[in-house]
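Participant: Just so it is clear, I am handing over run-v1.json, which has JSON, C-alpha atoms and all ligand atoms.
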```json
[["chain", "number", "residue", "atom", "x", "y", "z"],
["A", 1, "MET", "CA", 0.00, 0.00, 0.00],
["A", 2, "SER", "CA", 1.40, 3.35, -1.05],
["A", 3, "ILE", "CA", 0.23, 6.75, 0.05],
["A", 4, "PRO", "CA", -0.75, 8.83, -3.03],
["A", 5, "LEU", "CA", 0.87, 12.22, -3.54],
["A", 6, "ARG", "CA", -0.24, 15.03, -5.79],
["A", 7, "ILE", "CA", 2.76, 17.18, -6.57],
["A", 8, "TYR", "CA", 2.37, 20.84, -7.40],
["A", 9, "ILE", "CA", 5.51, 22.54, -8.66],
["A", 10, "THR", "CA", 4.77, 26.12, -7.67],
["A", 11, "PRO", "CA", 6.88, 28.88, -9.20],
["A", 12, "PHE", "CA", 7.28, 32.14, -7.34],
["A", 13, "ALA", "CA", 6.80, 35.56, -8.83],
["A", 14, "GLU", "CA", 7.19, 39.00, -7.36],
["A", 15, "LYS", "CA", 5.14, 41.91, -8.69],
["A", 16, "GLY", "CA", 4.38, 40.00, -11.86],
["A", 17, "VAL", "CA", 7.99, 38.99, -12.51],
["A", 18, "LEU", "CA", 8.27, 35.21, -12.75],
["A", 19, "GLU", "CA", 11.31, 33.56, -11.11],
["A", 20, "PRO", "CA", 12.95, 30.65, -12.91],
["A", 21, "GLY", "CA", 11.91, 27.43, -11.19],
["A", 22, "LYS", "CA", 14.32, 24.81, -9.88],
["A", 23, "TRP", "CA", 12.04, 21.80, -9.50],
["A", 24, "SER", "CA", 10.90, 19.45, -12.25],
["A", 25, "CYS", "CA", 8.78, 16.32, -12.12],
["A", 26, "ASP", "CA", 11.94, 14.31, -12.75],
["A", 27, "ALA", "CA", 13.64, 15.94, -9.72],
["A", 28, "ALA", "CA", 10.50, 15.25, -7.67],
["A", 29, "LYS", "CA", 10.67, 11.58, -8.65],
["A", 30, "LYS", "CA", 14.35, 11.37, -7.67],
["A", 31, "ALA", "CA", 13.61, 13.02, -4.32],
["A", 32, "LEU", "CA", 10.76, 10.56, -3.82],
["A", 33, "ASP", "CA", 13.20, 7.65, -4.24],
["A", 34, "VAL", "CA", 15.14, 9.08, -1.28],
["A", 35, "VAL", "CA", 11.87, 9.51, 0.66],
["A", 36, "ASN", "CA", 10.92, 5.90, 0.06],
["A", 37, "THR", "CA", 14.34, 4.64, 1.09],
["A", 38, "ILE", "CA", 14.08, 6.56, 4.38],
["A", 39, "TRP", "CA", 10.49, 5.52, 5.14],
["A", 40, "SER", "CA", 11.04, 1.90, 4.11],
["A", 41, "LYS", "CA", 12.32, 1.45, 7.69],
["A", 42, "ALA", "CA", 8.66, 1.83, 8.69],
["A", 43, "LYS", "CA", 7.44, -0.13, 5.65],
["A", 44, "ILE", "CA", 5.62, 3.00, 4.46],
["A", 45, "SER", "CA", 5.84, 4.06, 0.84],
["A", 46, "PHE", "CA", 4.61, 6.97, -1.23],
["A", 47, "VAL", "CA", 3.70, 7.21, -4.89],
["A", 48, "ILE", "CA", 3.34, 10.26, -7.14],
["A", 49, "ASN", "CA", -0.13, 10.10, -8.68],
["A", 50, "ASP", "CA", 0.09, 13.46, -10.43],
["A", 51, "CYS", "CA", 2.83, 16.01, -10.99],
["A", 52, "LEU", "CA", 1.54, 19.39, -12.11],
["A", 53, "THR", "CA", 3.05, 22.80, -12.63],
["A", 54, "ASP", "CA", 0.93, 25.24, -10.70],
["A", 55, "LYS", "CA", 0.22, 28.83, -11.64],
["A", 56, "PRO", "CA", 2.88, 31.14, -10.22],
["A", 57, "LEU", "CA", 2.42, 32.40, -6.67],
["A", 58, "ASP", "CA", 3.04, 36.13, -6.61],
["A", 59, "ILE", "CA", 4.43, 36.86, -3.16],
["A", 60, "ALA", "CA", 7.03, 39.33, -1.91],
["A", 61, "LYS", "CA", 10.35, 37.74, -0.90],
["A", 62, "SER", "CA", 9.96, 39.35, 2.51],
["A", 63, "ALA", "CA", 6.66, 37.49, 3.03],
["A", 64, "ARG", "CA", 8.07, 34.02, 2.34],
["A", 65, "ASN", "CA", 10.11, 33.40, 5.46],
["A", 66, "ASP", "CA", 7.25, 32.37, 7.72],
["A", 67, "ASP", "CA", 6.70, 28.66, 7.19],
["A", 68, "LYS", "CA", 3.18, 28.56, 8.67],
["A", 69, "ARG", "CA", 2.04, 31.44, 6.53],
["A", 70, "MET", "CA", 3.61, 29.92, 3.39],
["A", 71, "LEU", "CA", 1.88, 26.62, 4.05],
["A", 72, "GLY", "CA", -1.44, 28.38, 4.58],
["A", 73, "VAL", "CA", -1.14, 30.34, 1.34],
["A", 74, "LEU", "CA", -0.09, 27.30, -0.69],
["A", 75, "SER", "CA", -2.53, 24.79, 0.77],
["A", 76, "LEU", "CA", -5.47, 27.12, 0.12],
["A", 77, "ARG", "CA", -4.79, 26.96, -3.62],
["A", 78, "HIS", "CA", -6.31, 23.49, -4.00],
["A", 79, "ASP", "CA", -9.19, 21.86, -2.18],
["A", 80, "PRO", "CA", -8.39, 18.73, -0.19],
["A", 81, "ASP", "CA", -9.00, 15.50, -2.11],
["A", 82, "ASN", "CA", -7.89, 11.89, -1.93],
["A", 83, "ALA", "CA", -4.15, 12.59, -2.17],
["A", 84, "VAL", "CA", -1.51, 14.32, -0.09],
["A", 85, "HIS", "CA", -0.71, 17.72, -1.62],
["A", 86, "ILE", "CA", 2.97, 18.53, -1.86],
["A", 87, "TYR", "CA", 4.05, 21.98, -3.03],
["A", 88, "LEU", "CA", 7.59, 22.13, -4.36],
["A", 89, "VAL", "CA", 9.06, 25.62, -4.25],
["A", 90, "ASN", "CA", 12.31, 27.43, -4.95],
["A", 91, "PRO", "CA", 14.76, 28.05, -2.10],
["A", 92, "ILE", "CA", 13.51, 30.62, 0.40],
["A", 93, "GLN", "CA", 16.04, 32.92, 2.00],
["A", 94, "ASN", "CA", 15.98, 33.17, 5.79],
["A", 95, "LEU", "CA", 13.67, 30.21, 6.25],
["A", 96, "PRO", "CA", 15.51, 27.76, 8.51],
["A", 97, "ALA", "CA", 12.84, 25.07, 8.10],
["A", 98, "GLY", "CA", 13.10, 22.92, 4.98],
["A", 99, "GLY", "CA", 9.43, 23.37, 4.39],
["A", 100, "GLY", "CA", 6.19, 23.24, 6.30],
["A", 101, "SER", "CA", 3.52, 20.66, 7.11],
["A", 102, "TYR", "CA", 0.41, 20.30, 9.17],
["A", 103, "LEU", "CA", 1.23, 18.08, 12.14],
["A", 104, "HIS", "CA", -1.06, 15.00, 12.19],
["A", 105, "SER", "CA", -2.28, 16.00, 8.68],
["A", 106, "ASP", "CA", -4.60, 18.42, 10.43],
["A", 107, "PRO", "CA", -6.48, 20.30, 8.95],
["A", 108, "GLU", "CA", -5.45, 18.40, 5.79],
["A", 109, "PRO", "CA", -2.44, 16.51, 4.50],
["A", 110, "ALA", "CA", -0.41, 19.24, 2.78],
["A", 111, "SER", "CA", 3.26, 20.22, 2.85],
["A", 112, "PHE", "CA", 5.67, 22.42, 1.00],
["A", 113, "VAL", "CA", 9.30, 21.55, 0.38],
["A", 114, "GLN", "CA", 12.10, 23.87, -0.68],
["A", 115, "TRP", "CA", 14.67, 23.06, -3.31],
["A", 116, "TYR", "CA", 18.10, 22.15, -1.87],
["A", 117, "GLY", "CA", 20.06, 21.50, -5.02],
["A", 118, "ASP", "CA", 20.60, 17.74, -4.88],
["A", 119, "ASP", "CA", 18.42, 14.66, -4.79],
["A", 120, "PHE", "CA", 19.43, 13.54, -1.32],
["A", 121, "ALA", "CA", 18.95, 16.93, 0.37],
["A", 122, "ASN", "CA", 15.66, 17.46, -1.47],
["A", 123, "GLY", "CA", 14.49, 13.98, -0.53],
["A", 124, "ARG", "CA", 15.55, 14.32, 3.08],
["A", 125, "ALA", "CA", 13.55, 17.57, 3.47],
["A", 126, "PHE", "CA", 10.61, 15.92, 1.68],
["A", 127, "ALA", "CA", 10.78, 12.87, 4.00],
["A", 128, "HIS", "CA", 10.96, 15.14, 7.06],
["A", 129, "GLU", "CA", 7.78, 16.99, 6.03],
["A", 130, "LEU", "CA", 5.95, 13.72, 5.39],
["A", 131, "GLY", "CA", 7.02, 12.71, 8.90],
["A", 132, "HIS", "CA", 5.05, 15.65, 10.29],
["A", 133, "LEU", "CA", 1.99, 14.63, 8.25],
["A", 134, "MET", "CA", 2.34, 11.20, 9.91],
["A", 135, "SER", "CA", 2.21, 12.79, 13.37],
["A", 136, "VAL", "CA", 5.97, 12.69, 14.02],
["A", 137, "ASP", "CA", 7.10, 15.89, 15.70],
["A", 138, "HIS", "CA", 10.63, 17.26, 16.04],
["A", 139, "VAL", "CA", 13.23, 15.63, 18.24],
["A", 140, "ASP", "CA", 14.97, 17.98, 20.60],
["A", 141, "ILE", "CA", 18.64, 17.25, 20.99],
["A", 142, "ASP", "CA", 19.97, 17.81, 24.49],
["A", 143, "TYR", "CA", 23.64, 18.60, 23.88],
["A", 144, "MET", "CA", 24.33, 18.33, 27.62],
["A", 145, "ASN", "CA", 23.42, 14.66, 27.35],
["A", 146, "GLU", "CA", 26.15, 13.19, 25.14],
["A", 147, "LYS", "CA", 24.58, 9.78, 24.77],
["A", 148, "GLN", "CA", 21.20, 11.15, 23.78],
["A", 149, "ALA", "CA", 22.78, 13.72, 21.44],
["A", 150, "ALA", "CA", 24.86, 11.05, 19.71],
["A", 151, "ALA", "CA", 21.81, 8.86, 19.24],
["A", 152, "LEU", "CA", 19.61, 11.62, 17.82],
["A", 153, "ARG", "CA", 22.06, 13.71, 15.81],
["A", 154, "GLY", "CA", 21.40, 11.62, 12.70],
["A", 155, "ASN", "CA", 17.64, 11.63, 13.11],
["A", 156, "LEU", "CA", 15.29, 12.64, 10.29],
["A", 157, "MET", "CA", 13.20, 14.81, 12.58],
["A", 158, "THR", "CA", 15.82, 17.19, 13.99],
["A", 159, "LYS", "CA", 14.85, 20.83, 13.55],
["A", 160, "GLY", "CA", 16.32, 22.91, 10.75],
["A", 161, "LEU", "CA", 18.88, 21.84, 8.21],
["A", 162, "SER", "CA", 20.43, 18.47, 8.75],
["A", 163, "VAL", "CA", 21.46, 15.43, 6.78],
["A", 164, "GLY", "CA", 20.04, 12.88, 9.23],
["A", 165, "SER", "CA", 17.66, 10.22, 8.02],
["A", 166, "ASP", "CA", 17.44, 7.85, 11.01],
["A", 167, "LEU", "CA", 14.14, 6.95, 12.64],
["A", 168, "THR", "CA", 13.66, 5.68, 16.19],
["A", 169, "LYS", "CA", 11.40, 2.75, 17.02],
["A", 170, "GLN", "CA", 8.98, 5.19, 18.63],
["A", 171, "GLN", "CA", 8.86, 7.38, 15.51],
["A", 172, "ILE", "CA", 8.17, 4.33, 13.35],
["A", 173, "GLU", "CA", 5.31, 3.30, 15.65],
["A", 174, "THR", "CA", 3.90, 6.85, 15.65],
["A", 175, "ALA", "CA", 3.98, 7.03, 11.85],
["A", 176, "LYS", "CA", 2.40, 3.60, 11.46],
["A", 177, "GLY", "CA", -0.41, 4.53, 13.84],
["A", 178, "SER", "CA", -1.00, 7.95, 12.30],
["A", 179, "LYS", "CA", -4.26, 9.19, 10.83],
["A", 180, "LEU", "CA", -2.65, 9.44, 7.38],
["A", 181, "VAL", "CA", -1.29, 5.89, 7.26],
["A", 182, "LYS", "CA", -4.54, 4.49, 8.61],
["A", 183, "ARG", "CA", -6.53, 6.44, 6.04],
["A", 184, "PHE", "CA", -4.62, 4.84, 3.18],
["A", 185, "GLY", "CA", -4.67, 1.38, 4.66],
["A", 186, "GLY", "CA", -1.02, 1.24, 5.75],
["B", 1, "ZN", "ZN", 10.01, 20.01, 10.83]]
```
Can I see the file as structure tokens?
Ligand SMILES: [Zn+2]

Facilitator:
Amino acid sequence: MSIPLRIYITPFAEKGVLEPGKWSCDAAKKALDVVNTIWSKAKISFVINDCLTDKPLDIAKSARNDDKRMLGVLSLRHDPDNAVHIYLVNPIQNLPAGGGSYLHSDPEPASFVQWYGDDFANGRAFAHELGHLMSVDHVDIDYMNEKQAAALRGNLMTKGLSVGSDLTKQQIETAKGSKLVKRFGG
């Protein structure tokens, strides 16, 4: 059983001036291969049902660096349906998060993911956002606790930019029991 994704490649514009887009459906597919490798540890897989280029989103650069606001603006563009909506966008300056997602897929399963320039980094950010949709929240690393820090440093769900792709047993259980996985029969 695979969870269906509807990919929207959403170009940015500012005051009517279109910005050249980084993402392509081919790059989305390559990132998805990384996603599926990471989530195979939980025996969860995703499939791209549709990959569409969306109409440009005209938004000032200064208004892009709030991940919750970006997610709200993007997710309102398409009504919820029977697939997870993923918005792929150009890099956003001064946005430390790799994207944004509704935790527990609430109010709806939708995420956006920035472009990071290579398949692994793109896929890692993509997999992290899907983690949030499957009810997995961030892990907080306690650097005063060396053992805990060493165990979690490589985790997928650390905050901000990271290269980690590990999942703990608890995270795997949380994802498997999530509303999203249950909805699609996982
Ligand atoms: Zn996150």

Participant: Give me the residues within 8 Å of Tyr116 in chain A as a list in words, counting only C-alpha atoms and dropping any in the same chain fewer than 4 places off.

Facilitator: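 Within the cut-off, the hits are Pro91, Ala121 and Asn122 of chain A.
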
Participant: Pick the closest to Glu173 in chain A from A:Ala125, A:Ala60, A:Met134, A:Leu18: which is it, counting all atoms listed in the file?

Facilitator: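 Looking only at the distances to Glu173 in chain A, the closest residue turns out to be A:Met134.
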
Participant: At a cut-off of 12 Å around ligand ZN 1 (chain B), and using all atoms listed in the file, what residues come up? Please write them as a PyMOL selection string.

Facilitator: chain A and resi 67-68+95-103+111-113+124-140+155-162

Participant: Counting all atoms listed in the file, figure out which residue out of A:Thr10, A:Tyr143, A:Gly177, A:Ile48 gets nearest to Arg77 in chain A.

Facilitator: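 For Arg77 in chain A, the nearest of the given residues is A:Thr10.
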
Participant: Do a neighbour search on Val84 in chain A at 6 Å with all atoms listed in the file, toss out local chain neighbours closer than 6 positions, and write the hits as a list in words.

Facilitator: Leu5, Arg6, Pro109 and Ala110 of chain A

Participant: Using only C-alpha atoms for the distances, tell me which of A:Gln171, A:Ser105, A:Ser24, A:Asn36 is nearest to Val89 in chain A.

Facilitator: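 Closest to Val89 in chain A, using only C-alpha atoms: A:Ser24.
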
Participant: Nearest to Thr53 in chain A: which of A:Ile38, A:Ile9, A:Leu32, A:Leu167 is it, counting only C-alpha atoms?

Facilitator: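 Nearest to Thr53 in chain A: A:Ile9.
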
Participant: Pick out the closest residue to Pro107 in chain A from this set: A:Pro56, A:Asn49, A:Lys169, A:Lys179. Count only C-alpha atoms.

Facilitator: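 Looking at the shortest contact to Pro107 in chain A, the residue is A:Lys179.
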
Participant: Quick one: of A:Gly185, A:Pro11, A:Gly123, A:Pro80, who's nearest to Val163 in chain A, counting all atoms listed in the file?

Facilitator: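 Of the candidates, the smallest distance to Val163 in chain A is held by A:Gly123.
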
Participant: In Å, rounded to a single decimal, give me how far CA of Ala83 in chain A is from CA of Ile44 in chain A.

Facilitator: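 Separating CA of Ile44 in chain A from CA of Ala83 in chain A is a distance of 15.2 Å.
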
Participant: How many Å separate CA of Asp26 in chain A from CA of His78 in chain A?

Facilitator: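 CA of His78 in chain A lies at a distance of 22.2 Å from CA of Asp26 in chain A.
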